[in-house]
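What's in protein.cif: mmCIF, C-alpha atoms and all ligand atoms
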data_upload
loop_
_atom_site.label_atom_id
_atom_site.label_comp_id
_atom_site.auth_asym_id
_atom_site.auth_seq_id
_atom_site.Cartn_x
_atom_site.Cartn_y
_atom_site.Cartn_z
CA MET A 271 142.28 75.09 39.96
CA SER A 272 142.49 78.80 39.31
CA THR A 273 145.61 80.92 38.73
CA PRO A 274 146.05 83.42 41.56
CA GLY A 275 145.35 87.10 41.15
CA VAL A 276 147.17 89.57 43.38
CA LEU A 277 145.78 92.76 44.84
CA VAL A 278 147.94 95.04 46.99
CA HIS A 279 146.71 97.61 49.50
CA ARG A 280 148.75 100.25 51.29
CA ASP A 281 148.90 98.81 54.80
CA GLN A 282 147.28 96.24 57.07
CA GLU A 283 144.47 98.55 58.17
CA LEU A 284 143.43 99.35 54.62
CA LEU A 285 143.86 95.72 53.61
CA ALA A 286 141.51 94.55 56.38
CA ARG A 287 138.96 97.21 55.45
CA ALA A 288 139.15 96.39 51.75
CA VAL A 289 138.79 92.65 52.35
CA ALA A 290 135.79 93.30 54.58
CA ALA A 291 134.21 95.37 51.79
CA ARG A 292 134.98 92.64 49.25
CA LEU A 293 133.36 90.09 51.53
CA VAL A 294 130.17 92.12 51.78
CA THR A 295 129.96 92.37 47.99
CA ARG A 296 130.67 88.70 47.43
CA LEU A 297 128.18 87.45 50.03
CA VAL A 298 125.47 89.86 48.93
CA ASP A 299 125.92 88.80 45.29
CA VAL A 300 125.72 85.11 46.17
CA GLN A 301 122.71 85.58 48.42
CA ALA A 302 120.94 87.58 45.71
CA ALA A 303 121.57 84.78 43.23
CA ARG A 304 121.00 81.72 45.39
CA GLY A 305 119.31 82.85 48.61
CA SER A 306 122.10 81.81 50.94
CA ALA A 307 125.91 81.85 51.02
CA SER A 308 128.76 80.16 52.83
CA VAL A 309 132.04 81.47 54.17
CA VAL A 310 135.04 79.82 55.81
CA LEU A 311 136.79 81.95 58.42
CA THR A 312 140.45 82.06 59.30
CA GLY A 313 142.11 83.03 62.55
CA GLY A 314 145.32 84.97 62.94
CA GLY A 315 146.04 88.67 63.09
CA VAL A 316 144.83 89.89 59.73
CA GLY A 317 141.99 87.35 59.52
CA THR A 318 140.54 88.61 62.77
CA ALA A 319 141.14 92.25 61.74
CA VAL A 320 139.00 91.64 58.64
CA LEU A 321 136.14 90.43 60.85
CA ALA A 322 136.47 93.46 63.12
CA GLU A 323 136.36 95.78 60.09
CA LEU A 324 133.27 93.98 58.85
CA ALA A 325 131.59 94.43 62.23
CA ALA A 326 132.41 98.15 62.12
CA SER A 327 131.13 98.62 58.57
CA ARG A 328 127.65 99.98 57.98
CA ALA A 329 127.55 97.90 54.81
CA ARG A 330 127.46 94.75 56.93
CA ASP A 331 123.69 95.14 57.12
CA ALA A 332 123.50 94.35 53.41
CA ILE A 333 124.34 90.74 54.30
CA ASP A 334 121.47 88.48 55.31
CA TRP A 335 123.30 87.07 58.30
CA ARG A 336 120.63 84.46 58.99
CA ALA A 337 121.16 83.03 55.51
CA LEU A 338 124.89 82.56 55.93
CA ASP A 339 126.67 79.31 56.71
CA ILE A 340 129.85 79.94 58.67
CA TRP A 341 132.64 77.38 58.87
CA TRP A 342 136.27 77.48 59.99
CA GLY A 343 139.40 76.51 58.07
CA ASP A 344 141.30 75.45 61.17
CA GLU A 345 141.18 75.56 64.90
CA ARG A 346 143.53 75.37 67.82
CA PHE A 347 142.35 72.32 69.80
CA LEU A 348 141.66 73.95 73.17
CA PRO A 349 138.69 74.34 75.53
CA SER A 350 135.78 76.40 74.22
CA GLY A 351 136.15 80.07 75.06
CA ASP A 352 139.94 79.85 75.21
CA PRO A 353 141.25 83.19 73.90
CA GLU A 354 143.66 81.33 71.58
CA ARG A 355 140.82 79.61 69.72
CA ASN A 356 140.03 81.06 66.32
CA GLU A 357 136.34 80.72 67.17
CA THR A 358 136.73 82.91 70.25
CA GLY A 359 138.40 85.65 68.22
CA ALA A 360 135.76 85.49 65.49
CA ARG A 361 132.88 85.68 67.94
CA LYS A 362 134.40 88.64 69.75
CA ALA A 363 135.32 90.51 66.56
CA LEU A 364 132.15 89.86 64.56
CA LEU A 365 129.75 87.04 65.34
CA ASP A 366 128.59 88.44 68.69
CA HIS A 367 127.57 91.65 66.90
CA VAL A 368 125.47 90.34 64.00
CA ASP A 369 122.23 88.40 63.77
CA VAL A 370 123.61 85.01 62.73
CA ASP A 371 121.54 81.84 62.87
CA PRO A 372 123.33 79.87 65.64
CA ALA A 373 122.50 76.62 63.84
CA ARG A 374 124.47 77.82 60.81
CA VAL A 375 127.60 78.76 62.76
CA ARG A 376 129.84 75.69 62.77
CA PRO A 377 132.95 76.07 64.92
CA MET A 378 135.39 73.20 64.96
CA PRO A 379 135.13 71.11 68.15
CA SER A 380 136.91 72.02 71.36
CA THR A 381 138.60 69.77 73.94
CA ASP A 382 135.53 70.03 76.18
CA GLY A 383 133.23 68.91 73.36
CA PRO A 384 131.64 65.49 72.83
CA ASP A 385 134.94 63.88 71.83
CA GLY A 386 136.92 65.25 74.75
CA ALA A 387 140.62 65.65 74.09
CA ASP A 388 140.60 63.29 71.08
CA PRO A 389 141.48 65.48 68.05
CA GLU A 390 141.08 62.65 65.52
CA ALA A 391 137.48 62.02 66.67
CA ALA A 392 136.84 65.78 66.67
CA ALA A 393 138.17 66.07 63.11
CA ASP A 394 135.93 63.18 62.01
CA ARG A 395 132.96 64.90 63.64
CA TYR A 396 133.64 68.10 61.68
CA ALA A 397 134.04 66.10 58.48
CA ALA A 398 130.63 64.52 59.14
CA ALA A 399 129.06 67.96 59.58
CA LEU A 400 130.56 69.10 56.29
CA ARG A 401 129.37 65.95 54.54
CA ALA A 402 125.84 66.49 55.88
CA ALA A 403 125.86 70.06 54.53
CA ALA A 404 127.13 69.11 51.06
CA ARG A 405 124.55 68.96 48.29
CA PRO A 406 124.55 66.74 45.21
CA GLU A 407 125.74 69.65 43.06
CA ASP A 408 128.85 69.94 45.23
CA HIS A 409 130.07 66.59 43.87
CA GLY A 410 132.03 65.79 47.00
CA PRO A 411 132.06 65.49 50.78
CA VAL A 412 132.12 69.23 51.51
CA PRO A 413 130.03 72.20 50.40
CA SER A 414 131.46 74.35 47.59
CA PHE A 415 132.19 77.25 49.92
CA ASP A 416 131.54 80.63 48.33
CA VAL A 417 134.54 82.21 50.03
CA LEU A 418 137.29 80.50 51.98
CA MET A 419 139.69 82.89 53.69
CA LEU A 420 143.17 81.85 54.74
CA GLY A 421 145.92 83.61 56.64
CA LEU A 422 149.50 82.84 55.64
CA GLY A 423 152.19 82.15 58.23
CA PRO A 424 155.81 83.32 57.83
CA ASP A 425 156.57 79.61 57.21
CA ALA A 426 153.89 79.65 54.46
CA HIS A 427 151.39 77.58 56.46
CA VAL A 428 147.73 78.00 55.65
CA ALA A 429 144.91 76.88 57.96
CA SER A 430 146.86 74.45 60.21
CA LEU A 431 148.72 72.87 57.30
CA PHE A 432 152.33 73.36 58.32
CA PRO A 433 155.27 72.53 56.02
CA GLU A 434 156.18 68.85 55.85
CA LEU A 435 153.51 67.62 58.30
CA PRO A 436 151.44 64.53 57.37
CA ALA A 437 148.20 66.54 56.95
CA LEU A 438 149.59 67.92 53.70
CA TYR A 439 149.55 64.47 52.10
CA GLU A 440 145.86 63.89 52.81
CA GLU A 441 143.95 63.27 49.60
CA GLU A 442 140.64 61.89 50.88
CA ARG A 443 139.58 63.21 54.26
CA PRO A 444 138.45 66.85 54.28
CA VAL A 445 139.42 67.42 57.91
CA VAL A 446 142.30 66.02 59.95
CA ALA A 447 143.85 66.33 63.36
CA VAL A 448 147.26 68.00 63.35
CA ARG A 449 149.76 67.07 66.04
CA GLY A 450 153.16 68.61 66.53
CA ALA A 451 152.39 71.98 64.93
CA PRO A 452 155.48 74.20 65.18
CA LYS A 453 153.31 77.15 66.19
CA PRO A 454 151.51 76.77 69.53
CA PRO A 455 149.30 75.11 70.40
CA PRO A 456 150.73 71.90 68.91
CA THR A 457 147.39 70.14 68.55
CA ARG A 458 144.97 71.50 66.00
CA ILE A 459 142.21 70.58 63.57
CA SER A 460 142.43 71.62 59.95
CA LEU A 461 140.73 71.42 56.62
CA THR A 462 142.93 69.61 54.12
CA PHE A 463 143.79 70.60 50.56
CA PRO A 464 140.86 68.66 49.03
CA ALA A 465 138.43 70.65 51.19
CA ILE A 466 140.18 73.98 50.56
CA ARG A 467 140.20 73.38 46.82
CA ALA A 468 136.46 72.65 46.85
CA ALA A 469 135.86 76.35 47.55
CA ARG A 470 134.68 78.50 44.69
CA GLU A 471 136.90 81.33 45.86
CA VAL A 472 140.03 81.11 48.02
CA TRP A 473 141.38 84.34 49.44
CA VAL A 474 144.88 84.25 50.95
CA ILE A 475 145.29 87.34 53.13
CA ALA A 476 148.69 88.47 54.39
CA ALA A 477 150.18 91.62 55.90
CA GLY A 478 153.64 92.60 57.02
CA GLU A 479 157.21 92.16 55.89
CA SER A 480 157.52 88.88 57.84
CA LYS A 481 155.13 87.31 55.31
CA SER A 482 156.89 88.53 52.15
CA THR A 483 159.04 85.44 51.60
CA ALA A 484 156.07 83.14 52.19
CA VAL A 485 154.01 85.17 49.70
CA ARG A 486 156.78 84.96 47.10
CA LEU A 487 157.07 81.20 47.51
CA ALA A 488 153.30 80.65 47.57
CA LEU A 489 153.05 82.44 44.21
CA SER A 490 155.97 80.53 42.70
CA GLU A 491 156.24 76.99 41.41
CA ALA A 492 157.08 75.73 44.93
CA GLY A 493 155.60 72.42 46.02
CA PRO A 494 152.75 72.55 48.56
CA ILE A 495 154.41 70.10 50.94
CA GLN A 496 157.24 72.56 51.55
CA VAL A 497 155.12 75.67 50.90
CA PRO A 498 151.50 74.99 51.85
CA GLY A 499 150.38 78.40 50.57
CA ALA A 500 151.33 77.25 47.07
CA GLY A 501 148.61 74.60 47.27
CA ALA A 502 145.81 76.90 48.36
CA ARG A 503 143.78 77.45 45.23
CA GLY A 504 140.06 77.92 44.60
CA ARG A 505 137.99 76.22 41.91
CA GLN A 506 136.88 79.44 40.26
CA ARG A 507 139.11 82.10 41.76
CA THR A 508 142.20 82.50 43.93
CA LEU A 509 143.13 85.91 45.28
CA PHE A 510 146.20 86.94 47.22
CA LEU A 511 145.12 90.04 49.14
CA LEU A 512 148.21 91.73 50.51
CA ASP A 513 149.57 94.87 52.01
CA ARG A 514 152.63 96.47 50.43
CA ALA A 515 155.04 94.96 52.94
CA ALA A 516 153.79 91.42 52.33
CA ALA A 517 153.97 92.07 48.58
CA SER A 518 157.54 93.41 48.69
CA GLN A 519 159.10 90.27 47.20
CA LEU A 520 156.57 89.19 44.58
CA PRO A 521 158.12 86.87 41.99
CA PRO A 522 158.77 88.32 38.55
CA GLY A 523 155.97 87.95 36.05
CA ILE A 524 153.18 88.06 38.64
CA GLU A 525 150.59 90.59 37.61
CA ARG A 526 149.20 92.64 40.38
CA LEU A 527 146.67 95.35 40.92
CA SER A 528 147.37 98.02 43.50
CA SER A 529 145.05 100.36 45.32
CA PRO A 530 146.34 103.85 46.35
O1 LIG B 601 147.83 79.70 63.70
C1 LIG B 601 147.28 80.24 62.78
O2 LIG B 601 148.01 81.08 61.97
C2 LIG B 601 147.55 81.51 60.69
C3 LIG B 601 148.24 82.83 60.35
O3 LIG B 601 148.13 83.72 61.43
P1 LIG B 601 148.81 85.17 61.42
O4 LIG B 601 148.56 85.74 62.80
O5 LIG B 601 150.27 85.00 61.15
O6 LIG B 601 148.11 85.96 60.35
C4 LIG B 601 146.04 81.58 60.68
O7 LIG B 601 145.61 81.82 59.39
C5 LIG B 601 145.43 80.28 61.20
O8 LIG B 601 144.02 80.31 61.09
C6 LIG B 601 145.82 80.14 62.61
O9 LIG B 601 145.28 79.01 63.27
#
Do you think you could lay out the structure here as structure tokens?
Amino acid sequence: MSTPGVLVHRDQELLARAVAARLVTRLVDVQAARGSASVVLTGGGVGTAVLAELAASRARDAIDWRALDIWWGDERFLPSGDPERNETGARKALLDHVDVDPARVRPMPSTDGPDGADPEAAADRYAAALRAAARPEDHGPVPSFDVLMLGLGPDAHVASLFPELPALYEEERPVVAVRGAPKPPPTRISLTFPAIRAAREVWVIAAGESKSTAVRLALSEAGPIQVPGAGARGRQRTLFLLDRAAASQLPPGIERLSSP
């Protein structure tokens, strides 16, 4: 697992714009090298702001959208189209505005999907889709995602991995149902640490003073059961992309780069 790098931008707006630009560069580079790329989306305020900035950027046309596999890191287990679903936000902010291949857009199941209101079956279904997309060179049950983006909650949750919940102990299954989440809605579907850590690059994106303690803990020696953000690491690279407020309590000894 990689040691995190930290990059700080002035405020949330600039952070979202800079992450969108970084995403263009990363996906274009991967597509130039391998023909196609994969990305894992996150929900939440700043995660959705990044997608909106990408939609607004003229550079978005440098991405071959039809050669992009799009997955989600977690989902609120609600009917399709529900405004609280991460998928709904991503479609509105970005996916409805670019020429994606619908077969390569893989939202997590909804309560009106083939498994109905059974989140365990829905999680297994998503795990099966990931397994089917993994190639021998991935050496595991999920693709080696090129970029996996994660928001960070004030309680240091990432995806729908909330402190102390059983999902954090999962070592085998790449996707699990989460019940009893402290943030509504209580029932969710989430990638687990083994799936997150299969990503080549993990980007943890956080803005605002309310995230500063979580950022500090996630960059410390804290254990991932208490501080899930401390367990979010990529195989080749981990980046904490922050605004100044979220970076206001960085632990000593953490090197950071700052933009103006
Ligand atoms: O519930 C969720 O929260 C996190 C963080 O959201 P934020 O609004 O505090 O940035 C998000 O990353 C996750 O995908 C989502 O389901």
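For ligand LIG 601 (chain B), the set of protein, DNA and RNA residues within 7 Å, based on all atoms listed in the file, reads Thr312, Gly313, Gly314, Gly315, Val316, Gly317, Gly343, Asp344, Glu345, Arg346, Asn356, Leu420, Gly421, Leu422, Gly423, Pro424, His427, Val428, Ala429, Ser430, Lys453 and Ala476 of chain A.
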| task | Please determine the residues with any atom at most 6 Å from (147.3, 91.7, 49.2) (coordinates as given in the file, with all atoms listed in the file counting) and report them as a ChimeraX atom specification. | result | /A:277-279,510-513
Counting only C-alpha atoms, the residue among A:Ala360, A:Ala329, A:Ala517, A:Leu321 that lies closest to A:Asp281 is A:Ala517
message: Nearest residue to A:Gln506 out of A:Ala468, A:Ala303, A:Val276, A:Val448, using only C-alpha atoms?
response: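 When distances to A:Gln506 are compared using only C-alpha atoms, the smallest one comes from A:Ala468.
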Find, counting all atoms listed in the file, the residue in A:Leu438, A:Met271, A:Ala302, A:Leu364 that gets nearest to A:Ile340.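 With all atoms listed in the file as the atom set, the closest residue is A:Leu364.
Among A:Ala465, A:Ala502, A:Val485, A:Val309, the residue with the shortest atom-to-atom distance to A:Arg401, counting all atoms listed in the file, is A:Ala465.
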Spatial neighbours of A:Ser414, max dist 7 Å, only C-alpha atoms, sep filter under 2 positions, as a list of chain:residue names: A:Asp408, A:Val412, A:Asp416, A:Ala468, A:Ala469, A:Arg470
Q.
Given all atoms listed in the file as the basis, pick out the residue of A:Thr508, A:Gln519, A:Thr462, A:Ser272 nearest to A:Pro494.
A.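 So, comparing all the options, the nearest one is A:Thr462.
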Can you pull out every residue within 6 Å of A:Ser306, counting only C-alpha atoms, but drop anything in the same chain fewer than 3 positions away, and send it as a PDB file with C-alpha atoms, keeping the file's coordinate frame?
ATOM      1  CA  GLN A 301     122.710  85.580  48.420  1.00  0.00           C
ATOM      2  CA  ALA A 337     121.160  83.030  55.510  1.00  0.00           C
ATOM      3  CA  LEU A 338     124.890  82.560  55.930  1.00  0.00           C
TER       4      LEU A 338
END
The distance between atom CA of A:Ala426 and atom CA of A:Ala484 is 4.7 Å
Quick one: everything within 10 Å of A:Arg458, counting all atoms listed in the file, minus sequence neighbours fewer than 5 positions away in the same chain. Send it as a PyMOL selection string. chain A and resi 344-348+355+378+380+389-390+392-393+429-431+446-451
For those residues, write C-alpha atoms to a file as a PDB file, in the coordinates of the input.
ATOM      1  CA  ASP A 344     141.300  75.450  61.170  1.00  0.00           C
ATOM      2  CA  GLU A 345     141.180  75.560  64.900  1.00  0.00           C
ATOM      3  CA  ARG A 346     143.530  75.370  67.820  1.00  0.00           C
ATOM      4  CA  PHE A 347     142.350  72.320  69.800  1.00  0.00           C
ATOM      5  CA  LEU A 348     141.660  73.950  73.170  1.00  0.00           C
ATOM      6  CA  ARG A 355     140.820  79.610  69.720  1.00  0.00           C
ATOM      7  CA  MET A 378     135.390  73.200  64.960  1.00  0.00           C
ATOM      8  CA  SER A 380     136.910  72.020  71.360  1.00  0.00           C
ATOM      9  CA  PRO A 389     141.480  65.480  68.050  1.00  0.00           C
ATOM     10  CA  GLU A 390     141.080  62.650  65.520  1.00  0.00           C
ATOM     11  CA  ALA A 392     136.840  65.780  66.670  1.00  0.00           C
ATOM     12  CA  ALA A 393     138.170  66.070  63.110  1.00  0.00           C
ATOM     13  CA  ALA A 429     144.910  76.880  57.960  1.00  0.00           C
ATOM     14  CA  SER A 430     146.860  74.450  60.210  1.00  0.00           C
ATOM     15  CA  LEU A 431     148.720  72.870  57.300  1.00  0.00           C
ATOM     16  CA  VAL A 446     142.300  66.020  59.950  1.00  0.00           C
ATOM     17  CA  ALA A 447     143.850  66.330  63.360  1.00  0.00           C
ATOM     18  CA  VAL A 448     147.260  68.000  63.350  1.00  0.00           C
ATOM     19  CA  ARG A 449     149.760  67.070  66.040  1.00  0.00           C
ATOM     20  CA  GLY A 450     153.160  68.610  66.530  1.00  0.00           C
ATOM     21  CA  ALA A 451     152.390  71.980  64.930  1.00  0.00           C
TER      22      ALA A 451
END
So which one's closest to A:Leu418, A:Arg486, A:Lys362, A:Arg467, A:Arg304? Using all atoms listed in the file, please.
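When distances to A:Leu418 are compared using all atoms listed in the file, the smallest one comes from A:Arg467.
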**Request:** Enumerate, as an NGL selection string, the protein, DNA and RNA residues whose atoms approach (137.7, 62.8, 49.4) to within 8 Å, taking into account only C-alpha atoms and the coordinate frame of the file.
**Result:** :A and (410-411 or 441-444 or 464)
Worksheet item: Which residues, written as a PyMOL selection string, have at least one atom at most 8 Å from A:Arg280, with all atoms listed in the file counted and residues fewer than 2 positions away on the same chain left out?
Response: chain A and resi 278+282+284-285+513-514+529-530
